[in-house]
Each structure stands twice: as C-alpha cells, then as structure tokens.
file target_21.cif (mmCIF, C-alpha atoms)
data_entry
#
loop_
_atom_site.label_atom_id
_atom_site.label_comp_id
_atom_site.auth_asym_id
_atom_site.auth_seq_id
_atom_site.Cartn_x
_atom_site.Cartn_y
_atom_site.Cartn_z
CA MET A 647 208.70 125.10 112.27
CA VAL A 648 208.34 127.30 115.36
CA LYS A 649 210.47 124.85 117.31
CA LYS A 650 213.32 125.38 114.83
CA ALA A 651 212.92 129.18 115.04
CA CYS A 652 212.81 129.25 118.85
CA MET A 653 215.87 127.15 119.53
CA PRO A 654 218.36 129.40 117.68
CA LEU A 655 216.90 132.44 119.47
CA MET A 656 217.20 130.70 122.82
CA ALA A 657 220.80 129.69 122.00
CA PHE A 658 221.58 133.29 121.00
CA LEU A 659 220.03 134.61 124.22
CA LEU A 660 221.95 132.03 126.23
CA VAL A 661 225.28 133.09 124.70
CA THR A 662 224.48 136.80 125.02
CA LEU A 663 223.24 136.59 128.59
CA SER A 664 226.07 134.32 129.70
CA ALA A 665 228.51 137.01 128.56
CA VAL A 666 227.01 139.48 131.03
CA PHE A 667 225.78 137.11 133.75
CA PRO A 668 228.09 137.22 136.81
CA GLY A 669 230.39 134.24 137.02
CA CYS A 670 229.95 133.26 133.38
CA GLY A 671 232.75 135.28 131.84
CA GLY A 672 235.53 133.05 133.05
CA LYS A 673 237.41 135.94 134.66
CA GLY A 674 237.65 137.27 138.18
CA GLU A 675 236.58 135.82 141.48
CA GLY A 676 233.78 133.31 141.53
CA ALA A 677 234.19 132.64 137.82
CA GLY A 678 232.91 129.29 136.82
CA SER A 679 230.47 127.59 134.56
CA PRO A 680 226.82 128.25 135.25
CA GLN A 681 224.34 125.41 135.44
CA VAL A 682 222.33 125.47 132.21
CA SER A 683 219.08 123.70 131.39
CA VAL A 684 216.89 123.84 128.29
CA GLU A 685 213.24 122.78 128.41
CA ARG A 686 210.81 122.63 125.50
CA ASN A 687 207.15 123.44 125.92
CA ALA A 688 205.14 120.24 125.78
CA GLU A 689 202.51 121.85 123.51
CA ALA A 690 203.65 120.72 120.04
CA GLY A 691 207.22 121.92 120.71
CA GLU A 692 206.18 125.57 120.65
CA GLY A 693 208.62 127.61 122.67
CA GLY A 694 210.82 126.67 125.55
CA VAL A 695 212.84 127.81 128.53
CA VAL A 696 216.58 128.28 129.09
CA LYS A 697 217.72 128.53 132.71
CA LEU A 698 221.12 129.79 133.86
CA GLN A 699 221.96 129.13 137.48
CA GLY A 700 225.08 130.84 138.66
CA GLU A 701 226.59 132.49 141.66
CA GLY A 702 224.35 135.19 143.12
CA SER A 703 221.17 134.85 141.08
CA ASP A 704 219.39 132.73 138.51
CA LEU A 705 218.36 133.80 135.04
CA GLN A 706 215.47 132.29 133.10
CA VAL A 707 214.63 132.96 129.45
CA GLU A 708 211.32 131.76 127.98
CA VAL A 709 210.57 131.94 124.24
CA TRP A 710 207.26 131.45 122.46
CA LYS A 711 205.52 132.55 119.26
CA PHE A 712 202.94 135.31 118.91
CA ASP A 713 200.75 136.79 116.19
CA PRO A 714 201.78 140.40 115.41
CA ASN A 715 198.34 140.96 113.83
CA GLN A 716 196.70 140.25 117.20
CA GLU A 717 199.44 141.78 119.37
CA PRO A 718 201.02 144.66 117.38
CA LEU A 719 204.67 145.59 117.90
CA GLY A 720 203.98 149.30 118.28
CA THR A 721 206.02 150.07 115.16
CA PRO A 722 204.42 150.41 111.73
CA VAL A 723 204.97 147.58 109.27
CA TYR A 724 205.79 148.53 105.69
CA PRO A 725 202.64 148.17 103.52
CA GLY A 726 202.51 144.83 101.75
CA ALA A 727 205.48 143.36 103.61
CA GLY A 728 205.01 139.68 104.42
CA LEU A 729 205.80 138.12 107.79
CA VAL A 730 208.64 135.60 107.63
CA PRO A 731 207.16 132.33 108.95
CA GLY A 732 208.37 131.48 112.46
CA SER A 733 209.98 134.89 113.04
CA ALA A 734 207.32 136.38 115.35
CA LEU A 735 208.68 135.46 118.77
CA VAL A 736 208.42 136.70 122.33
CA SER A 737 211.15 136.19 124.90
CA ARG A 738 210.79 136.84 128.61
CA ALA A 739 214.03 136.99 130.57
CA SER A 740 213.78 137.19 134.34
CA ARG A 741 216.39 137.53 137.04
CA GLY A 742 215.04 137.99 140.53
CA GLU A 743 212.46 140.77 140.40
CA LYS A 744 213.80 142.16 137.10
CA VAL A 745 212.09 141.21 133.84
CA LEU A 746 212.84 142.02 130.18
CA VAL A 747 210.20 141.15 127.56
CA THR A 748 211.16 141.20 123.89
CA HIS A 749 208.80 140.93 120.92
CA GLN A 750 210.36 140.51 117.49
CA ALA A 751 209.23 139.84 113.95
CA GLU A 752 210.84 139.83 110.53
CA TYR A 753 209.20 140.86 107.27
CA VAL A 754 210.21 140.83 103.60
CA THR A 755 209.02 142.88 100.67
CA PRO A 756 209.97 142.89 96.99
CA ASP A 757 210.13 146.71 97.15
CA GLU A 758 213.59 148.18 96.76
CA TYR A 759 215.63 149.19 99.80
CA ARG A 760 215.51 152.96 99.09
CA SER A 761 211.68 152.96 98.98
CA VAL A 762 211.40 151.12 102.29
CA LEU A 763 214.08 153.36 103.82
CA ARG A 764 212.21 156.49 102.73
CA TRP A 765 208.86 155.14 104.10
CA TYR A 766 210.35 154.37 107.52
CA GLY A 767 212.06 157.76 107.53
CA GLU A 768 208.63 159.40 107.18
CA LYS A 769 207.03 157.17 109.84
CA VAL A 770 209.80 156.83 112.44
CA GLY A 771 212.18 159.71 111.72
CA ALA A 772 215.85 159.83 110.85
CA PRO A 773 217.72 156.54 111.27
CA LEU A 774 220.35 156.18 113.96
CA LYS A 775 222.66 154.53 111.43
CA SER A 776 222.31 154.16 107.67
CA ASP A 777 224.38 153.05 104.70
CA GLN A 778 223.84 151.51 101.25
CA LEU A 779 222.86 148.10 102.67
CA GLU A 780 221.21 148.67 106.06
CA ALA A 781 219.51 151.30 108.21
CA THR A 782 218.70 151.15 111.93
CA TRP A 783 216.21 153.15 113.99
CA VAL A 784 216.02 153.01 117.80
CA VAL A 785 213.27 154.88 119.64
CA GLY A 786 212.50 154.90 123.35
CA ASP A 787 209.41 156.20 125.09
CA GLU A 788 208.63 157.55 128.56
CA GLU A 789 207.21 154.21 129.73
CA GLY A 790 210.61 152.54 129.22
CA THR A 791 209.78 150.69 126.00
CA THR A 792 212.48 150.65 123.34
CA ARG A 793 211.66 149.86 119.73
CA SER A 794 214.04 149.24 116.89
CA VAL A 795 213.67 148.73 113.18
CA VAL A 796 216.41 147.40 110.94
CA VAL A 797 215.85 147.59 107.18
CA SER A 798 218.36 145.80 105.01
CA LYS A 799 218.80 145.25 101.32
CA ASP A 800 217.77 141.68 100.45
CA GLY A 801 218.51 140.94 96.79
CA ALA A 802 216.21 143.19 94.76
CA GLY A 803 213.88 143.60 97.77
CA SER A 804 214.15 144.45 101.44
CA ARG A 805 214.13 142.70 104.83
CA ILE A 806 212.62 144.44 107.87
CA ARG A 807 213.34 143.37 111.47
CA ILE A 808 211.22 144.93 114.21
CA LEU A 809 212.07 144.55 117.89
CA GLU A 810 210.28 145.85 121.00
CA LEU A 811 211.91 145.72 124.46
CA GLU A 812 210.09 146.36 127.74
CA GLY A 813 211.62 146.19 131.20
CA ASP A 814 215.18 145.87 132.43
CA LEU A 815 217.37 143.07 133.74
CA ASP A 816 220.04 145.53 134.89
CA LEU A 817 222.64 143.50 133.00
CA ARG A 818 226.01 145.12 132.55
CA PRO A 819 228.97 143.58 130.73
CA GLU A 820 231.82 142.42 132.95
CA GLU A 821 234.96 144.49 132.61
#
call {"tool": "encode", "arguments": {"input": "target_21.cif", "output": "structure tokens"}}
result
Amino acid sequence: MVKKACMPLMAFLLVTLSAVFPGCGGKGEGAGSPQVSVERNAEAGEGGVVKLQGEGSDLQVEVWKFDPNQEPLGTPVYPGAGLVPGSALVSRASRGEKVLVTHQAEYVTPDEYRSVLRWYGEKVGAPLKSDQLEATWVVGDEEGTTRSVVVSKDGAGSRIRILELEGDLDLRPEE
C-alpha cells in the first residue's frame, strides 16, 4: 500500500524537479536529458529514491512513510479527521549541500466544508486563498519552515492536506 502511495509522489517530484533542474528543460545551452534512476527500499517496498544526474549537479529525492501521531506536522489536525492510509509521507530532496525535507499527510472528515474552514480560520488565521470548494493557508516561521493546509469540499465532507517544508534547494524555474 505504501509502495503504491510513494511511487506517484516520487514521479510527481521527478517531473516537478526536472522542470527546474538545469539542463532538463530542453531549452538553452547544455540542454539534454538527465540520467534518471529509481530505486525501491528493500524493506517491504517502503519508500524509494529517485536520482537525477545532469549537467552541473545531481539531485536525489528519497521518499518514505512516517506516523504523524509520533512525528507531528506542526499544524493542528481537525478534530475527528481520519488519516488517509498511505498519505503520510516524507520526502528528502538533496542537491549538493542544499536539502529540502517535506512532510505531508491527508485527512478526511464527514464534517461539512464550512465547519472545517471556520475551525482552521480560528487556528491558523485567514486563508491565503478561499472559494466555495477549496481554501489554502500558507504560513512561514523564522526558522525557515513553511506549512500549508488545503481544505477542500469532498462530497458532503471535507478533505484536508497538510504539508510542512524545511530547507531550501535553491531551485528556480528556467526562463
């Protein structure tokens, strides 16, 4: 189950990072295809590593599961919301000395969207963006950690995605 959850995340990270990794955009000098490898963790298929080797520097992304009850995300979880199985993942992207660590988890609750929206408004503050179907909060702290919460309408209930980012890869999109 975790194996299935990790591989789409690793594929997403691979596509995202290849868009900003020098030499991967297909434009400009030195453009070309990076060398890509995917390795699965030998321990029951839990987690894995994606490596991009391109001109200038190498990028490595590791993904594994974690327990948000043992290692909290630093953002409150709506009372009674249930963790979506396989959604609590950590990714560690490294490029040279730069490292970006991401913790993420997804929760669902049968409570209506407006109730969950109001609760997060009281706990986190005003959302950065909000409409009838989805609201997004992004909060940074002095230590360089960025946390986001996305609450979306999910049928009669709500879906909550929490993300915590620490570090910096100094990635900038190619122009």
call {"tool": "residues_around", "arguments": {"input": "target_21.cif", "residues": "Tyr759 of chain A", "least_positions_apart": "4", "cutoff": "7 Å", "atoms": "only C-alpha atoms", "output": "PyMOL selection string"}}
result
chain A and resi 763+798-799+803-804
call {"tool": "residues_near_point", "arguments": {"input": "target_21.cif", "point": "(209.7, 158.1, 111.5)", "cutoff": "12 Å", "atoms": "all atoms listed in the file", "output": "NGL selection string"}}
result
:A and (721-724 or 762-774 or 782-785 or 793-795)
call {"tool": "closest_residue", "arguments": {"input": "target_21.cif", "among": "A:Leu719, A:Val797, A:Ala734, A:Glu758", "to": "Lys775 of chain A", "atoms": "all atoms listed in the file"}}
result
A:Val797
call {"tool": "closest_residue", "arguments": {"input": "target_21.cif", "among": "A:Val736, A:Val730, A:Val709, A:Val754", "to": "Gly801 of chain A", "atoms": "all atoms listed in the file"}}
result
A:Val754
call {"tool": "closest_residue", "arguments": {"input": "target_21.cif", "among": "A:Glu789, A:Leu779, A:Glu810, A:Leu735", "to": "Lys711 of chain A", "atoms": "all atoms listed in the file"}}
result
A:Leu735
call {"tool": "closest_residue", "arguments": {"input": "target_21.cif", "among": "A:Val745, A:Leu705, A:Leu729, A:Ala739", "to": "Gly813 of chain A", "atoms": "all atoms listed in the file"}}
result
A:Val745
call {"tool": "atom_distance", "arguments": {"input": "target_21.cif", "atom1": "atom CA of Arg738 of chain A", "atom2": "atom CA of Gln706 of chain A"}}
result
7.9 Å
call {"tool": "decode", "arguments": {"input": "target_21.cif", "residues": "segment 727-747 of chain A", "atoms": "N, CA, C and O atoms", "output": "PDB file, in the first residue's frame"}}
result
ATOM      1  N   ALA A 727     -10.811  14.067  12.347  1.00  0.00           N
ATOM      2  CA  ALA A 727     -10.443  13.755  10.969  1.00  0.00           C
ATOM      3  C   ALA A 727      -9.587  12.496  10.953  1.00  0.00           C
ATOM      4  O   ALA A 727      -8.728  12.295  11.805  1.00  0.00           O
ATOM      5  N   GLY A 728      -9.830  11.640   9.970  1.00  0.00           N
ATOM      6  CA  GLY A 728      -9.083  10.392   9.858  1.00  0.00           C
ATOM      7  C   GLY A 728      -7.984  10.488   8.818  1.00  0.00           C
ATOM      8  O   GLY A 728      -8.177  11.062   7.733  1.00  0.00           O
ATOM      9  N   LEU A 729      -6.827   9.919   9.147  1.00  0.00           N
ATOM     10  CA  LEU A 729      -5.694   9.895   8.221  1.00  0.00           C
ATOM     11  C   LEU A 729      -6.014   8.990   7.044  1.00  0.00           C
ATOM     12  O   LEU A 729      -6.457   7.851   7.236  1.00  0.00           O
ATOM     13  N   VAL A 730      -5.785   9.466   5.833  1.00  0.00           N
ATOM     14  CA  VAL A 730      -5.953   8.649   4.637  1.00  0.00           C
ATOM     15  C   VAL A 730      -4.783   7.662   4.599  1.00  0.00           C
ATOM     16  O   VAL A 730      -3.622   8.085   4.647  1.00  0.00           O
ATOM     17  N   PRO A 731      -5.064   6.359   4.566  1.00  0.00           N
ATOM     18  CA  PRO A 731      -3.985   5.366   4.576  1.00  0.00           C
ATOM     19  C   PRO A 731      -2.975   5.602   3.442  1.00  0.00           C
ATOM     20  O   PRO A 731      -3.353   5.859   2.305  1.00  0.00           O
ATOM     21  N   GLY A 732      -1.691   5.538   3.796  1.00  0.00           N
ATOM     22  CA  GLY A 732      -0.622   5.697   2.814  1.00  0.00           C
ATOM     23  C   GLY A 732      -0.297   7.129   2.437  1.00  0.00           C
ATOM     24  O   GLY A 732       0.577   7.376   1.618  1.00  0.00           O
ATOM     25  N   SER A 733      -0.986   8.115   3.048  1.00  0.00           N
ATOM     26  CA  SER A 733      -0.767   9.508   2.647  1.00  0.00           C
ATOM     27  C   SER A 733       0.299  10.220   3.473  1.00  0.00           C
ATOM     28  O   SER A 733       0.745  11.298   3.094  1.00  0.00           O
ATOM     29  N   ALA A 734       0.709   9.642   4.595  1.00  0.00           N
ATOM     30  CA  ALA A 734       1.704  10.285   5.456  1.00  0.00           C
ATOM     31  C   ALA A 734       3.095   9.918   4.952  1.00  0.00           C
ATOM     32  O   ALA A 734       3.592   8.818   5.194  1.00  0.00           O
ATOM     33  N   LEU A 735       3.678  10.849   4.202  1.00  0.00           N
ATOM     34  CA  LEU A 735       4.960  10.602   3.544  1.00  0.00           C
ATOM     35  C   LEU A 735       5.959  11.711   3.833  1.00  0.00           C
ATOM     36  O   LEU A 735       5.581  12.864   4.015  1.00  0.00           O
ATOM     37  N   VAL A 736       7.223  11.341   3.842  1.00  0.00           N
ATOM     38  CA  VAL A 736       8.323  12.287   3.957  1.00  0.00           C
ATOM     39  C   VAL A 736       9.116  12.192   2.664  1.00  0.00           C
ATOM     40  O   VAL A 736       9.346  11.100   2.150  1.00  0.00           O
ATOM     41  N   SER A 737       9.537  13.331   2.148  1.00  0.00           N
ATOM     42  CA  SER A 737      10.478  13.321   1.022  1.00  0.00           C
ATOM     43  C   SER A 737      11.665  14.190   1.416  1.00  0.00           C
ATOM     44  O   SER A 737      11.513  15.207   2.081  1.00  0.00           O
ATOM     45  N   ARG A 738      12.835  13.727   1.016  1.00  0.00           N
ATOM     46  CA  ARG A 738      14.074  14.463   1.275  1.00  0.00           C
ATOM     47  C   ARG A 738      14.763  14.637  -0.064  1.00  0.00           C
ATOM     48  O   ARG A 738      15.219  13.673  -0.669  1.00  0.00           O
ATOM     49  N   ALA A 739      14.801  15.875  -0.536  1.00  0.00           N
ATOM     50  CA  ALA A 739      15.474  16.187  -1.798  1.00  0.00           C
ATOM     51  C   ALA A 739      16.798  16.859  -1.472  1.00  0.00           C
ATOM     52  O   ALA A 739      16.844  17.784  -0.663  1.00  0.00           O
ATOM     53  N   SER A 740      17.861  16.367  -2.080  1.00  0.00           N
ATOM     54  CA  SER A 740      19.172  16.967  -1.826  1.00  0.00           C
ATOM     55  C   SER A 740      19.891  17.215  -3.139  1.00  0.00           C
ATOM     56  O   SER A 740      19.802  16.437  -4.084  1.00  0.00           O
ATOM     57  N   ARG A 741      20.576  18.344  -3.165  1.00  0.00           N
ATOM     58  CA  ARG A 741      21.365  18.762  -4.325  1.00  0.00           C
ATOM     59  C   ARG A 741      22.590  19.460  -3.768  1.00  0.00           C
ATOM     60  O   ARG A 741      22.491  20.569  -3.240  1.00  0.00           O
ATOM     61  N   GLY A 742      23.719  18.771  -3.830  1.00  0.00           N
ATOM     62  CA  GLY A 742      24.925  19.321  -3.223  1.00  0.00           C
ATOM     63  C   GLY A 742      24.715  19.432  -1.732  1.00  0.00           C
ATOM     64  O   GLY A 742      24.300  18.488  -1.079  1.00  0.00           O
ATOM     65  N   GLU A 743      24.993  20.614  -1.179  1.00  0.00           N
ATOM     66  CA  GLU A 743      24.824  20.848   0.255  1.00  0.00           C
ATOM     67  C   GLU A 743      23.393  21.252   0.616  1.00  0.00           C
ATOM     68  O   GLU A 743      23.036  21.321   1.784  1.00  0.00           O
ATOM     69  N   LYS A 744      22.573  21.544  -0.369  1.00  0.00           N
ATOM     70  CA  LYS A 744      21.199  22.003  -0.129  1.00  0.00           C
ATOM     71  C   LYS A 744      20.265  20.816   0.081  1.00  0.00           C
ATOM     72  O   LYS A 744      20.356  19.813  -0.619  1.00  0.00           O
ATOM     73  N   VAL A 745      19.351  20.947   1.036  1.00  0.00           N
ATOM     74  CA  VAL A 745      18.401  19.887   1.355  1.00  0.00           C
ATOM     75  C   VAL A 745      17.024  20.501   1.586  1.00  0.00           C
ATOM     76  O   VAL A 745      16.888  21.534   2.236  1.00  0.00           O
ATOM     77  N   LEU A 746      15.990  19.848   1.081  1.00  0.00           N
ATOM     78  CA  LEU A 746      14.599  20.231   1.321  1.00  0.00           C
ATOM     79  C   LEU A 746      13.867  18.992   1.820  1.00  0.00           C
ATOM     80  O   LEU A 746      13.836  17.970   1.141  1.00  0.00           O
ATOM     81  N   VAL A 747      13.300  19.075   3.028  1.00  0.00           N
ATOM     82  CA  VAL A 747      12.560  17.966   3.619  1.00  0.00           C
ATOM     83  C   VAL A 747      11.086  18.348   3.654  1.00  0.00           C
ATOM     84  O   VAL A 747      10.726  19.435   4.118  1.00  0.00           O
TER      85      VAL A 747
END
